Each structure stands twice: as structure tokens, then as C-alpha cells.
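Pasted below: protein-v8.tsv, TSV, C-alpha atoms and all ligand atoms.
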```
chain	number	residue	atom	x	y	z
L	1	MET	CA	0.00	0.00	0.00
L	2	SER	CA	1.34	3.45	-0.92
L	3	LYS	CA	1.94	5.84	1.93
L	4	ASN	CA	-0.56	8.25	0.41
L	5	SER	CA	-3.58	6.04	-0.12
L	6	TYR	CA	-6.09	8.32	1.62
L	7	ARG	CA	-8.49	8.15	-1.38
L	8	ASN	CA	-11.07	10.87	-1.26
L	9	SER	CA	-11.97	11.02	2.39
L	10	SER	CA	-10.75	14.24	3.96
L	11	PRO	CA	-10.38	14.40	7.75
L	12	ALA	CA	-10.73	18.23	7.70
L	13	LYS	CA	-14.18	18.06	9.31
L	14	LEU	CA	-12.51	16.55	12.38
L	15	VAL	CA	-10.66	19.82	12.93
L	16	ARG	CA	-12.44	22.40	15.13
L	17	PRO	CA	-14.17	25.05	12.98
L	18	LEU	CA	-12.36	27.74	14.96
L	19	VAL	CA	-9.02	26.27	13.89
L	20	ARG	CA	-10.12	25.66	10.29
L	21	GLU	CA	-11.14	29.29	9.92
L	22	LEU	CA	-8.19	30.81	11.76
L	23	HIS	CA	-5.98	33.34	9.94
L	24	ALA	CA	-2.73	31.68	10.96
L	25	TYR	CA	0.37	33.73	11.73
L	26	VAL	CA	2.69	34.14	8.75
L	27	PRO	CA	6.33	34.11	9.85
L	28	GLY	CA	9.05	35.73	7.74
L	29	GLU	CA	10.55	33.41	5.16
L	30	GLN	CA	13.48	31.13	6.18
L	31	PRO	CA	14.83	30.43	2.69
L	32	LYS	CA	16.76	27.27	1.80
L	33	VAL	CA	18.77	29.09	-0.89
L	34	SER	CA	22.22	30.09	0.32
L	35	GLY	CA	23.92	33.41	-0.33
L	36	LEU	CA	20.87	35.51	0.51
L	37	ILE	CA	21.13	38.54	2.77
L	38	LYS	CA	18.38	37.93	5.31
L	39	LEU	CA	16.98	41.21	6.56
L	40	ASN	CA	13.42	39.93	6.99
L	41	THR	CA	13.02	38.38	10.45
L	42	ASN	CA	14.93	40.68	12.81
L	43	GLU	CA	17.56	38.11	13.60
L	44	ASN	CA	20.85	39.41	15.01
L	45	PRO	CA	23.59	39.58	12.36
L	46	TYR	CA	26.26	38.62	14.89
L	47	PRO	CA	26.75	35.11	16.28
L	48	PRO	CA	26.33	34.20	19.95
L	49	SER	CA	29.40	34.78	22.12
L	50	PRO	CA	32.17	32.14	21.72
L	51	LYS	CA	31.59	31.28	25.39
L	52	VAL	CA	27.93	30.49	24.65
L	53	LEU	CA	28.92	28.26	21.74
L	54	LEU	CA	31.46	26.46	23.92
L	55	ALA	CA	29.00	25.92	26.77
L	56	THR	CA	26.32	24.66	24.40
L	57	ARG	CA	28.68	22.30	22.57
L	58	ALA	CA	30.03	20.99	25.87
L	59	ALA	CA	26.50	20.03	26.90
L	60	VAL	CA	25.95	17.78	23.88
L	61	ASP	CA	26.72	14.49	25.60
L	62	GLY	CA	24.99	11.63	27.41
L	63	ARG	CA	22.81	14.21	29.22
L	64	LEU	CA	20.63	14.45	26.14
L	65	ARG	CA	18.76	11.35	27.37
L	66	LEU	CA	17.61	13.20	30.51
L	67	TYR	CA	14.77	15.69	30.92
L	68	PRO	CA	16.00	19.23	31.54
L	69	ASN	CA	15.39	21.15	34.77
L	70	PRO	CA	11.58	21.62	34.70
L	71	THR	CA	11.59	25.20	35.97
L	72	ALA	CA	14.90	26.34	34.42
L	73	GLN	CA	15.83	27.09	38.02
L	74	SER	CA	19.38	28.37	37.62
L	75	LEU	CA	18.50	30.54	34.62
L	76	ARG	CA	15.62	32.06	36.60
L	77	GLU	CA	17.96	32.76	39.51
L	78	GLN	CA	20.45	34.51	37.21
L	79	LEU	CA	17.66	36.59	35.67
L	80	ALA	CA	16.31	37.44	39.12
L	81	THR	CA	19.73	38.81	40.08
L	82	LEU	CA	19.91	40.77	36.82
L	83	HIS	CA	16.49	42.36	37.34
L	84	GLY	CA	16.66	42.80	41.12
L	85	CYS	CA	13.73	40.50	41.88
L	86	SER	CA	13.17	36.93	43.08
L	87	ALA	CA	13.15	33.76	40.96
L	88	GLU	CA	9.40	33.46	41.81
L	89	GLN	CA	8.87	36.55	39.66
L	90	ILE	CA	10.34	34.93	36.55
L	91	ILE	CA	9.07	32.25	34.16
L	92	ILE	CA	11.03	30.99	31.16
L	93	GLY	CA	9.27	30.06	27.93
L	94	ASN	CA	10.05	28.22	24.72
L	95	GLY	CA	10.59	31.63	23.13
L	96	SER	CA	8.52	34.54	24.40
L	97	ASP	CA	5.86	33.44	21.88
L	98	GLU	CA	5.03	30.50	24.15
L	99	LEU	CA	4.52	32.86	27.08
L	100	LEU	CA	2.21	35.11	25.05
L	101	ALA	CA	-0.01	32.07	24.42
L	102	LEU	CA	0.20	30.94	28.06
L	103	GLY	CA	-0.76	34.43	29.24
L	104	ILE	CA	-3.91	34.36	27.15
L	105	ARG	CA	-4.81	30.91	28.46
L	106	ALA	CA	-4.17	31.91	32.06
L	107	PHE	CA	-5.83	35.34	32.15
L	108	VAL	CA	-8.56	35.47	29.47
L	109	GLU	CA	-11.91	33.67	29.48
L	110	PRO	CA	-12.95	32.17	26.11
L	111	ALA	CA	-15.96	34.12	24.80
L	112	THR	CA	-18.88	31.75	25.34
L	113	ILE	CA	-21.63	34.14	26.45
L	114	GLN	CA	-24.04	35.12	23.63
L	115	GLN	CA	-25.00	38.61	24.82
L	116	PRO	CA	-22.29	39.56	27.29
L	117	THR	CA	-22.55	42.58	29.57
L	118	PRO	CA	-19.66	45.06	29.08
L	119	LYS	CA	-17.95	43.56	32.14
L	120	GLU	CA	-18.28	40.00	30.81
L	121	ALA	CA	-17.06	41.13	27.38
L	122	SER	CA	-13.91	42.64	28.94
L	123	LYS	CA	-13.10	39.32	30.63
L	124	SER	CA	-12.78	37.68	27.18
L	125	ARG	CA	-10.96	40.54	25.53
L	126	VAL	CA	-7.35	40.62	24.32
L	127	GLN	CA	-6.42	44.18	23.42
L	128	TYR	CA	-3.39	45.56	21.58
L	129	PHE	CA	-2.37	48.53	19.51
L	130	SER	CA	-2.41	48.52	15.74
L	131	PRO	CA	-0.01	48.01	14.17
L	132	SER	CA	1.88	45.73	16.52
L	133	TYR	CA	2.92	42.08	16.66
L	134	SER	CA	0.56	40.18	14.38
L	135	LEU	CA	0.78	37.02	16.50
L	136	TYR	CA	-1.41	38.51	19.28
L	137	PRO	CA	-4.75	38.19	17.42
L	138	VAL	CA	-3.89	34.69	16.20
L	139	LEU	CA	-3.21	33.49	19.75
L	140	ALA	CA	-6.33	35.21	21.07
L	141	GLU	CA	-8.55	33.74	18.37
L	142	THR	CA	-7.08	30.27	18.91
L	143	HIS	CA	-8.19	30.53	22.53
L	144	GLY	CA	-11.67	31.68	21.57
L	145	ALA	CA	-11.08	35.15	23.06
L	146	THR	CA	-12.23	38.33	21.36
L	147	THR	CA	-9.72	40.85	20.06
L	148	ARG	CA	-9.60	44.61	20.02
L	149	ALA	CA	-7.02	46.46	17.94
L	150	VAL	CA	-6.75	50.14	18.85
L	151	PRO	CA	-4.88	52.41	16.39
L	152	LEU	CA	-1.64	54.03	17.42
L	153	LEU	CA	-1.25	57.70	16.51
L	154	ASN	CA	-0.36	58.47	12.87
L	155	ASP	CA	3.34	58.60	13.73
L	156	PHE	CA	2.98	55.27	15.61
L	157	GLY	CA	3.19	57.13	18.95
L	158	LEU	CA	1.26	55.91	21.96
L	159	PRO	CA	-2.04	57.75	22.53
L	160	THR	CA	-2.24	59.44	25.93
L	161	VAL	CA	-4.75	58.21	28.49
L	162	SER	CA	-7.05	61.15	27.77
L	163	GLN	CA	-6.84	60.51	24.02
L	164	LEU	CA	-7.76	56.88	24.68
L	165	ARG	CA	-10.68	57.97	26.86
L	166	ARG	CA	-11.90	60.35	24.18
L	167	GLY	CA	-11.47	57.71	21.44
L	168	LYS	CA	-13.85	55.39	23.39
L	169	LEU	CA	-12.36	52.29	21.71
L	170	TRP	CA	-9.81	51.47	24.40
L	171	ASP	CA	-11.06	49.02	27.02
L	172	PHE	CA	-9.58	49.97	30.40
L	173	GLN	CA	-11.01	46.72	31.82
L	174	ALA	CA	-9.69	44.34	29.11
L	175	ALA	CA	-8.56	41.03	30.60
L	176	LEU	CA	-5.22	41.26	28.78
L	177	THR	CA	-3.55	44.12	26.94
L	178	PHE	CA	-0.34	43.70	24.94
L	179	ILE	CA	1.86	46.74	24.40
L	180	THR	CA	4.83	46.18	22.09
L	181	THR	CA	7.52	48.52	23.35
L	182	PRO	CA	9.48	49.54	21.39
L	183	ASN	CA	6.79	49.01	18.81
L	184	ALA	CA	7.07	46.47	16.02
L	185	PRO	CA	6.91	46.90	13.08
L	186	SER	CA	7.35	50.69	13.31
L	187	GLY	CA	10.44	50.64	15.57
L	188	ARG	CA	9.00	53.56	17.55
L	189	GLY	CA	10.12	53.70	21.19
L	190	TYR	CA	7.97	54.71	24.17
L	191	SER	CA	9.07	56.32	27.42
L	192	THR	CA	8.68	54.50	30.72
L	193	GLN	CA	6.77	57.52	31.95
L	194	GLU	CA	4.02	57.24	29.31
L	195	LEU	CA	3.84	53.45	29.75
L	196	ASP	CA	3.56	53.91	33.52
L	197	ALA	CA	0.70	56.38	33.13
L	198	LEU	CA	-1.19	53.98	30.87
L	199	CYS	CA	-0.51	50.91	33.05
L	200	ALA	CA	-1.76	52.78	36.13
L	201	THR	CA	-5.22	53.21	34.58
L	202	MET	CA	-5.66	49.58	33.54
L	203	LYS	CA	-7.74	47.08	35.50
L	204	GLY	CA	-6.71	43.87	33.69
L	205	ILE	CA	-3.26	42.41	32.96
L	206	VAL	CA	-0.86	44.49	30.86
L	207	VAL	CA	2.02	42.73	29.11
L	208	LEU	CA	4.81	45.05	27.99
L	209	ASP	CA	6.38	43.09	25.15
L	210	GLU	CA	10.01	44.27	25.21
L	211	ALA	CA	11.34	41.88	22.55
L	212	TYR	CA	13.53	44.65	21.07
L	213	VAL	CA	14.25	46.74	24.15
L	214	ASP	CA	18.02	46.22	24.22
L	215	PHE	CA	18.25	48.47	21.16
L	216	ALA	CA	16.19	51.23	22.81
L	217	HIS	CA	16.98	54.28	24.98
L	218	GLU	CA	15.19	52.91	28.04
L	219	ASN	CA	13.33	49.87	29.29
L	220	ALA	CA	10.29	49.53	31.50
L	221	SER	CA	11.17	46.38	33.44
L	222	ASP	CA	10.68	48.24	36.75
L	223	LEU	CA	6.97	48.59	35.95
L	224	ALA	CA	6.62	44.80	36.40
L	225	LEU	CA	8.03	45.22	39.91
L	226	LYS	CA	5.89	48.28	40.67
L	227	HIS	CA	2.40	47.31	39.39
L	228	PRO	CA	1.02	43.90	40.42
L	229	HIS	CA	-0.93	43.60	37.13
L	230	VAL	CA	1.98	44.45	34.80
L	231	ILE	CA	4.20	41.81	33.21
L	232	VAL	CA	7.32	42.46	31.15
L	233	SER	CA	8.14	40.05	28.32
L	234	ARG	CA	11.72	39.57	27.12
L	235	THR	CA	13.48	37.26	24.71
L	236	PHE	CA	16.98	35.93	24.07
L	237	SER	CA	16.13	35.75	20.35
L	238	LYS	CA	16.89	39.22	19.04
L	239	ALA	CA	19.53	41.02	21.07
L	240	TYR	CA	21.18	37.81	22.30
L	241	SER	CA	21.45	36.02	18.94
L	242	LEU	CA	19.59	32.95	20.16
L	243	CYS	CA	16.47	32.59	17.97
L	244	PHE	CA	17.43	28.99	17.22
L	245	GLN	CA	17.29	27.98	20.88
L	246	ARG	CA	13.87	29.48	21.64
L	247	VAL	CA	14.24	31.10	25.07
L	248	GLY	CA	12.12	33.98	26.36
L	249	TYR	CA	10.98	35.04	29.82
L	250	TRP	CA	8.40	37.05	31.70
L	251	ILE	CA	8.86	39.12	34.85
L	252	GLY	CA	5.83	39.78	37.03
L	253	HIS	CA	4.04	39.42	40.34
L	254	PRO	CA	4.74	35.98	41.91
L	255	GLU	CA	1.01	35.11	41.91
L	256	LEU	CA	0.67	35.77	38.17
L	257	ILE	CA	3.90	33.90	37.44
L	258	ALA	CA	2.69	30.97	39.58
L	259	ALA	CA	-0.51	30.82	37.51
L	260	LEU	CA	1.54	30.52	34.32
L	261	HIS	CA	3.70	27.75	35.83
L	262	ARG	CA	0.52	25.79	36.57
L	263	ILE	CA	-0.47	25.57	32.92
L	264	ARG	CA	2.85	25.30	31.10
L	265	ASP	CA	4.29	22.01	29.84
L	266	SER	CA	6.43	20.35	32.51
L	267	TYR	CA	9.62	20.66	30.45
L	268	ASN	CA	8.80	23.63	28.27
L	269	VAL	CA	12.35	24.92	27.89
L	270	ASN	CA	14.85	22.56	26.29
L	271	GLY	CA	18.09	21.84	28.13
L	272	LEU	CA	20.49	23.25	25.53
L	273	GLY	CA	18.42	26.43	25.44
L	274	GLN	CA	18.71	26.79	29.22
L	275	ILE	CA	22.49	26.28	29.05
L	276	ALA	CA	22.92	28.73	26.15
L	277	ALA	CA	20.82	31.42	27.82
L	278	SER	CA	22.64	30.94	31.10
L	279	ALA	CA	26.05	31.28	29.39
L	280	THR	CA	24.74	34.39	27.59
L	281	LEU	CA	24.09	36.11	30.93
L	282	LYS	CA	27.70	35.43	31.93
L	283	ASP	CA	29.04	37.32	28.91
L	284	LEU	CA	26.86	40.43	28.69
L	285	PRO	CA	29.71	42.79	27.69
L	286	TYR	CA	30.05	40.83	24.41
L	287	TYR	CA	26.37	41.47	23.66
L	288	ARG	CA	26.48	45.12	24.68
L	289	ARG	CA	29.20	45.66	22.07
L	290	ASN	CA	26.89	44.10	19.47
L	291	PHE	CA	23.94	46.32	20.51
L	292	ARG	CA	26.23	49.30	19.87
L	293	ARG	CA	27.21	47.99	16.44
L	294	VAL	CA	23.56	47.43	15.48
L	295	ILE	CA	22.59	50.89	16.76
L	296	ASP	CA	25.47	52.51	14.81
L	297	SER	CA	24.52	50.63	11.62
L	298	ARG	CA	20.89	51.66	12.15
L	299	ALA	CA	21.95	55.31	12.28
L	300	ARG	CA	24.08	54.92	9.15
L	301	LEU	CA	21.37	53.08	7.19
L	302	THR	CA	18.77	55.66	8.26
L	303	ARG	CA	21.01	58.54	7.22
L	304	GLU	CA	22.01	57.04	3.86
L	305	LEU	CA	18.51	55.90	2.86
L	306	THR	CA	17.09	59.30	3.85
L	307	GLY	CA	19.73	60.89	1.58
L	308	LEU	CA	18.48	58.65	-1.24
L	309	GLY	CA	14.90	59.88	-0.87
L	310	TRP	CA	13.52	57.23	1.49
L	311	GLU	CA	11.33	58.18	4.43
L	312	VAL	CA	12.81	56.31	7.38
L	313	LEU	CA	10.98	56.30	10.71
L	314	PRO	CA	13.15	56.80	13.80
L	315	SER	CA	13.79	53.37	15.27
L	316	GLN	CA	14.72	52.04	18.69
L	317	THR	CA	14.88	48.44	17.51
L	318	ASN	CA	17.13	46.29	15.30
L	319	PHE	CA	15.04	47.12	12.23
L	320	ILE	CA	13.73	50.17	10.45
L	321	LEU	CA	10.39	50.84	8.81
L	322	ALA	CA	11.09	52.79	5.65
L	323	ARG	CA	9.05	54.10	2.73
L	324	PRO	CA	10.97	53.79	-0.54
L	325	PRO	CA	10.72	56.43	-3.25
L	326	GLY	CA	9.28	55.67	-6.70
L	327	PRO	CA	7.74	52.24	-7.27
L	328	PRO	CA	5.42	50.70	-4.64
L	329	ALA	CA	7.08	49.03	-1.65
L	330	GLN	CA	5.90	45.60	-2.80
L	331	GLU	CA	7.80	46.04	-6.05
L	332	TRP	CA	10.92	47.01	-4.11
L	333	LEU	CA	10.48	43.81	-2.08
L	334	GLU	CA	10.54	41.73	-5.28
L	335	ARG	CA	13.37	43.64	-6.88
L	336	LEU	CA	15.53	43.39	-3.76
L	337	ARG	CA	14.78	39.69	-3.64
L	338	GLN	CA	16.02	39.32	-7.21
L	339	LYS	CA	19.25	40.86	-5.93
L	340	LYS	CA	19.31	38.26	-3.13
L	341	ILE	CA	18.23	40.62	-0.34
L	342	LEU	CA	15.20	39.61	1.73
L	343	VAL	CA	13.23	42.29	3.56
L	344	ARG	CA	9.64	42.24	4.90
L	345	TRP	CA	6.51	43.83	3.50
L	346	PHE	CA	3.10	43.93	5.22
L	347	SER	CA	-0.07	44.22	3.16
L	348	SER	CA	-2.22	46.07	5.73
L	349	PRO	CA	-3.24	49.56	4.51
L	350	ASN	CA	-1.24	51.51	7.14
L	351	LEU	CA	1.95	49.57	6.39
L	352	ALA	CA	1.74	48.70	2.69
L	353	SER	CA	3.82	51.68	1.55
L	354	TYR	CA	6.75	50.66	3.80
L	355	LEU	CA	9.39	47.96	3.97
L	356	ARG	CA	10.64	46.62	7.27
L	357	ILE	CA	14.37	46.11	7.06
L	358	THR	CA	16.38	44.29	9.73
L	359	ILE	CA	19.71	45.90	10.56
L	360	GLY	CA	22.32	43.53	9.17
L	361	SER	CA	26.08	43.42	9.70
L	362	GLU	CA	28.16	46.37	8.48
L	363	SER	CA	28.92	44.59	5.19
L	364	GLU	CA	25.26	43.59	4.68
L	365	VAL	CA	24.27	47.23	5.15
L	366	ASP	CA	26.95	48.19	2.59
L	367	THR	CA	25.55	45.70	0.08
L	368	LEU	CA	21.97	46.82	0.68
L	369	LEU	CA	22.93	50.46	0.11
L	370	LYS	CA	24.88	49.59	-3.03
L	371	VAL	CA	21.91	47.68	-4.46
L	372	VAL	CA	19.48	50.47	-3.53
L	373	ARG	CA	21.71	53.06	-5.19
L	374	SER	CA	21.95	51.03	-8.36
L	375	MET	CA	18.18	50.44	-8.38
L	376	LEU	CA	17.63	54.16	-8.09
L	377	GLY	CA	20.12	54.71	-10.92
L	378	SER	CA	21.77	57.19	-8.60
L	379	LYS	CA	24.97	58.80	-9.77
L	380	SER	CA	26.47	57.83	-6.45
L	381	ALA	CA	26.03	54.11	-7.30
L	382	ARG	CA	29.36	52.42	-6.77
F	401	LIG	C1	7.13	41.96	19.22
F	401	LIG	C2	7.60	40.55	19.32
F	401	LIG	N1	7.35	39.87	20.44
F	401	LIG	C3	7.74	38.59	20.58
F	401	LIG	C4	8.41	37.94	19.57
F	401	LIG	C5	8.75	36.50	19.77
F	401	LIG	O1	10.05	36.24	20.04
F	401	LIG	P1	10.55	34.81	20.50
F	401	LIG	O2	9.37	33.87	20.50
F	401	LIG	O3	11.58	34.41	19.52
F	401	LIG	O4	11.07	35.00	21.88
F	401	LIG	C6	8.69	38.60	18.38
F	401	LIG	C7	9.38	37.91	17.30
F	401	LIG	O5	9.42	38.31	16.16
F	401	LIG	C8	8.28	39.96	18.26
F	401	LIG	O6	8.50	40.64	17.14
```

Using the file provided, produce a representation of the structure as C-alpha cells.
Amino acid sequence: MSKNSYRNSSPAKLVRPLVRELHAYVPGEQPKVSGLIKLNTNENPYPPSPKVLLATRAAVDGRLRLYPNPTAQSLREQLATLHGCSAEQIIIGNGSDELLALGIRAFVEPATIQQPTPKEASKSRVQYFSPSYSLYPVLAETHGATTRAVPLLNDFGLPTVSQLRRGKLWDFQAALTFITTPNAPSGRGYSTQELDALCATMKGIVVLDEAYVDFAHENASDLALKHPHVIVSRTFSKAYSLCFQRVGYWIGHPELIAALHRIRDSYNVNGLGQIAASATLKDLPYYRRNFRRVIDSRARLTRELTGLGWEVLPSQTNFILARPPGPPAQEWLERLRQKKILVRWFSSPNLASYLRITIGSESEVDTLLKVVRSMLGSKSAR
């Protein structure tokens, strides 16, 4: 019998309608072709520290047959020291994406009531700004929660509390609110002061998603230690060159963190990931030098593209959102791809005229600029 002898019977009807109809998250492409310059998924252009590679390699031995530490205890203790809190205020996830999903499951009721009162509706509501990380609505819908996307200001700034009150769309009682800070995909940074003012008015849980914060002027981790309903989400993926290992963490009130521990998989963080993240924390100066390099390249790319007629939004992340001159952004995406440079384009109306470009290494930025100059037929093309 052939392996594919299913005949005509499709098992699709066995899948929950909610899942069948879901608009699944679309990750940036991970191409198999070699020689491409990948500026499409906000990966770090620099490798992990040599000490992290050594520690990870040294752990590839007979231990692989054992389950890892179920709570990532020593990593949590290191992070607690780093953030000036206790290990009970930290949970590690299989990437911060896992924690975003766990947070929804722990804090938001699935929407089962036909005609909910406003209070009941808030209990099932996941709220976030638009644009922000497009995974939030997918996770919320998977859980059967309702979503509310509230527009950022035209320059992707955070509305003030009084603007939100006037706008009437913002739900101050929402069970869970995600704030991406600095914002993705715009790169716009927010001050701790404005985040604090907003958090102080909220009745439900607020998650400050600081995936890119190491490239920003300031971080808001203290808000997770100040407000019992505020959680800060961090990841080793971007700034710490560890996407492959999938390690993220949340900082928050011990009672909220305990709730998340109750529902996570027993061994949610793989052993090599725990070892790599732990070794990362022992070599922070190496990473701080890389943040500086990324920030310097960001300034150079912004300056040069602006000189070539692009509109580049100020960024506090390891990517820029930039509107190219001339042909539509989608055409630029294709033409750059033909030149072996991958960037990201989003089809939503408020983003469709932009490209999101990850800050690559110095030489990748050189190549990008050279290609852009030649595409523009600029006299300065080298
Ligand atoms: C805003 C934001 N939050 C969270 C994540 C997830 O990061 P990870 O699951 O790799 O920790 C990403 C990844 O692209 C992101 O852009």
C-alpha cells in the first residue's frame, strides 16, 4: 500500500471550525537558498558569544537522554539577580511566543456568552495597539477570546490616556492588553513615563512586550516590579542572537507567574536552550558591544537611505520601517529579492507603503545600500 492512499476522504471536518477558519500567523521566510542577505526576520547579524557556543557544545553528551530542569531554576535565579527580583517573579518560555499564548490561556476567558454585559465582554478581551505584533490576534482567536485592535497615533506614537478615553475604543477593563515597546513593526520607542501612566489606569493584565528593548533608549522592566498587574516580556532571540534555541521570559508578580507555571508544559524549555541562555548572561559585555554595532549601523542606514529619498521612521529596535521612493514598496520587495536581499513587507493599509528592514552586519548594510543606489540609478552608485 502506498503511503498516500487516503483516497477521497478528507479528515478536515474533524478539525475544530475555529481552527479551520483561523488566519494563521505568517512568519518571515526562512529560505533554503544560500547566499541571501536575510533582513526579513529581525535576527541578530552577529553570532552568539564564543563562550555560549562552547558551553552549548560541551552540553551535547549523554545528558541528552535526561529531561531538563523543569523550571529552568538556575536561569531564573540569574535573571532574578539581573532584574533585582526573586526567581518566583520569573518564568522561562520556549521563546517569548510560548509565554504570550500561556498568558492568554491563564488570564482570558474564552468568549462563550451570547450577549455579554460590558464587564463580561472585557473578561474575554485581548487588546493591543495597531499596528503591533501580528501574532497577538492569532493566539487570542485560537483561545476563543475576542480581540480589540486600537490604532496608534499616525506617527505610531502611543495615545495618551485622555486621548484613549476620548477615542472610546480602548477598554480599560480588558482582561489582557499587549503593548509592544518599542513598537514592532514601526520601531518607535515609548518612554517608561508614558507606559507607567497607561498601566496605572488599567484594571486587567498588561504585558509590555520588550522583545527589542536592548536596542532602545530605556526599558520599563521596573513597571513589572511596581504594578502587580503588569508583566514584562523579554526574549533571548533578538539582542542575544539565540532565535534557534527558543528562550524567552516574563517578569511579574509571583502570583501571576505561579498561575503561568501551573499551565505550562512540565519541560517547556529545552536543556540546551537553558544552558545557552545561562552562558549568555555570563558574557553580557560581548552582547552590549553588538547592541552598539547594530545601533550605529541603524543610524548609518537611516542617514544614507534618507539621503536617497527614502522616508525612514526613527527606530529604537534592530530594524527600520522605511518608505521607498518611486515604485510601490511591494515592487521594491521583489526587486531586492532578485538581488538576493530579503526584507519584509506587510499588506495592511497603514503599512503597505513601507518595507521593514532588519539591521544587518556592516557589510550587509553596505551591500543593501549599493543595491538600492543602483536600483535608483543614482549617480552615487558604486
Ligand atoms: C514583538 C515581538 N514579540 C515577541 C516575539 C517573539 O520572540 P521569541 O518567540 O523568539 O522570543 C517577536 C518575534 O518576532 C516579536 O517581534

Please determine an axis-aligned box that encloses all atoms of stretch 6-21 of chain L listed in the file, with 8 Å added on each side, and express its centre and edge lengths in Å to one decimal as lines of an AutoDock Vina configuration file.
```
center_x = -10.1
center_y = 18.7
center_z = 6.9
size_x = 24.1
size_y = 37.1
size_z = 32.5
```

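Proximity to ligand LIG 401 (chain F) was assessed for L:Val230, L:Leu100, L:Ala12, L:Cys85 counting all atoms listed in the file; the smallest distance is recorded for L:Leu100.
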
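The gap separating atom CA of L:Leu313 from atom CA of L:Pro325 is 14.0 Å, in Å to one decimal.
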
Practice task
Have a look at atom CA of L:Gln127 and atom CA of L:Thr147 and let me know their distance in Å, one decimal.
Solution key: 5.8 Å

Problem - L:Thr235 surroundings by only C-alpha atoms, 7 Å radius, close-in-sequence under 5 positions cut, as JSON, numbers by chain - result: {"L": [95, 96, 211, 247, 248, 249]}

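Neighbouring residues of L:Pro118 at 12 Å or closer, counting all atoms listed in the file and skipping chain neighbours under 3 positions away, are Ile113, Gln115, Ala121, Ser122, Lys123, Ser124, Arg125, Asp171, Phe172, Gln173, Ala174 and Ala175 of chain L.
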
C-alpha atoms of the current selection, written as a PDB file, in the coordinates of the input:
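This is the output file result.pdb:
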```pdb
ATOM      1  CA  ILE L 113     -21.630  34.140  26.450  1.00  0.00           C
ATOM      2  CA  GLN L 115     -25.000  38.610  24.820  1.00  0.00           C
ATOM      3  CA  ALA L 121     -17.060  41.130  27.380  1.00  0.00           C
ATOM      4  CA  SER L 122     -13.910  42.640  28.940  1.00  0.00           C
ATOM      5  CA  LYS L 123     -13.100  39.320  30.630  1.00  0.00           C
ATOM      6  CA  SER L 124     -12.780  37.680  27.180  1.00  0.00           C
ATOM      7  CA  ARG L 125     -10.960  40.540  25.530  1.00  0.00           C
ATOM      8  CA  ASP L 171     -11.060  49.020  27.020  1.00  0.00           C
ATOM      9  CA  PHE L 172      -9.580  49.970  30.400  1.00  0.00           C
ATOM     10  CA  GLN L 173     -11.010  46.720  31.820  1.00  0.00           C
ATOM     11  CA  ALA L 174      -9.690  44.340  29.110  1.00  0.00           C
ATOM     12  CA  ALA L 175      -8.560  41.030  30.600  1.00  0.00           C
TER      13      ALA L 175
END
```

Practice task
May I have the residues within 9 Å of ligand LIG 401 (chain F), computed using all atoms listed in the file, as a VMD selection string?
Solution key: chain L and resid 27 to 28 41 to 43 93 to 100 132 to 136 179 to 185 209 to 212 233 to 238 242 to 249

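Proximity of L:Asn219, L:Thr71, L:Ser374, L:Thr177 to L:Gly204, computed with only C-alpha atoms, is greatest for L:Thr177.
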
Exercise for the section: List every protein, DNA or RNA residue that has at least one atom no more than 12 Å from (23.0, 38.2, 15.2) in the file's coordinates, counting all atoms listed in the file, and write the result as a ChimeraX atom specification. Expected result: /L:38-39,41-49,236-244,286-287,289-291,293-294,318,358-362

Give me, as a PDB file with C-alpha atoms, in the coordinates of the input, all polymer residues having an atom no more than 12 Å from L:Ser348, counting all atoms listed in the file and skipping those fewer than 3 positions away in the same chain.
```pdb
ATOM      1  CA  SER L 130      -2.410  48.520  15.740  1.00  0.00           C
ATOM      2  CA  PRO L 131      -0.010  48.010  14.170  1.00  0.00           C
ATOM      3  CA  SER L 132       1.880  45.730  16.520  1.00  0.00           C
ATOM      4  CA  SER L 134       0.560  40.180  14.380  1.00  0.00           C
ATOM      5  CA  PRO L 185       6.910  46.900  13.080  1.00  0.00           C
ATOM      6  CA  GLN L 330       5.900  45.600  -2.800  1.00  0.00           C
ATOM      7  CA  TRP L 345       6.510  43.830   3.500  1.00  0.00           C
ATOM      8  CA  LEU L 351       1.950  49.570   6.390  1.00  0.00           C
ATOM      9  CA  ALA L 352       1.740  48.700   2.690  1.00  0.00           C
ATOM     10  CA  SER L 353       3.820  51.680   1.550  1.00  0.00           C
ATOM     11  CA  TYR L 354       6.750  50.660   3.800  1.00  0.00           C
ATOM     12  CA  LEU L 355       9.390  47.960   3.970  1.00  0.00           C
TER      13      LEU L 355
END
```

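Residue nearest L:Leu66 within the list L:Ile104, L:Leu272, L:Val213, L:Leu260: L:Leu272 [criterion: smallest interatomic distance, all atoms listed in the file].
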
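Taking atom CA of L:Gln316 as the reference point, atom CA of L:Tyr25 is found at 24.3 Å.
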
Handout entry: Within-7 Å shell of (-3.0, 30.1, 13.7) in input frame, only C-alpha atoms, as a PyMOL selection string
Key = chain L and resi 22-25+138-139+142

Problem - Using only C-alpha atoms: which of L:Val161, L:Leu368, L:Val126, L:Ala322 has the shortest distance to L:Phe346 - result: L:Ala322

Practice task
Name the closest residue to L:Phe319 among the candidates L:Arg373, L:Thr302, L:His261, L:Gly187; distances are taken between atoms, counting only C-alpha atoms.
Solution key: L:Gly187

Fill in the blank from the handout: One residue among L:Thr280, L:Ser162, L:Asn350, L:Thr192 is nearest to L:Thr56 when using all atoms listed in the file, and that residue is L:Thr280
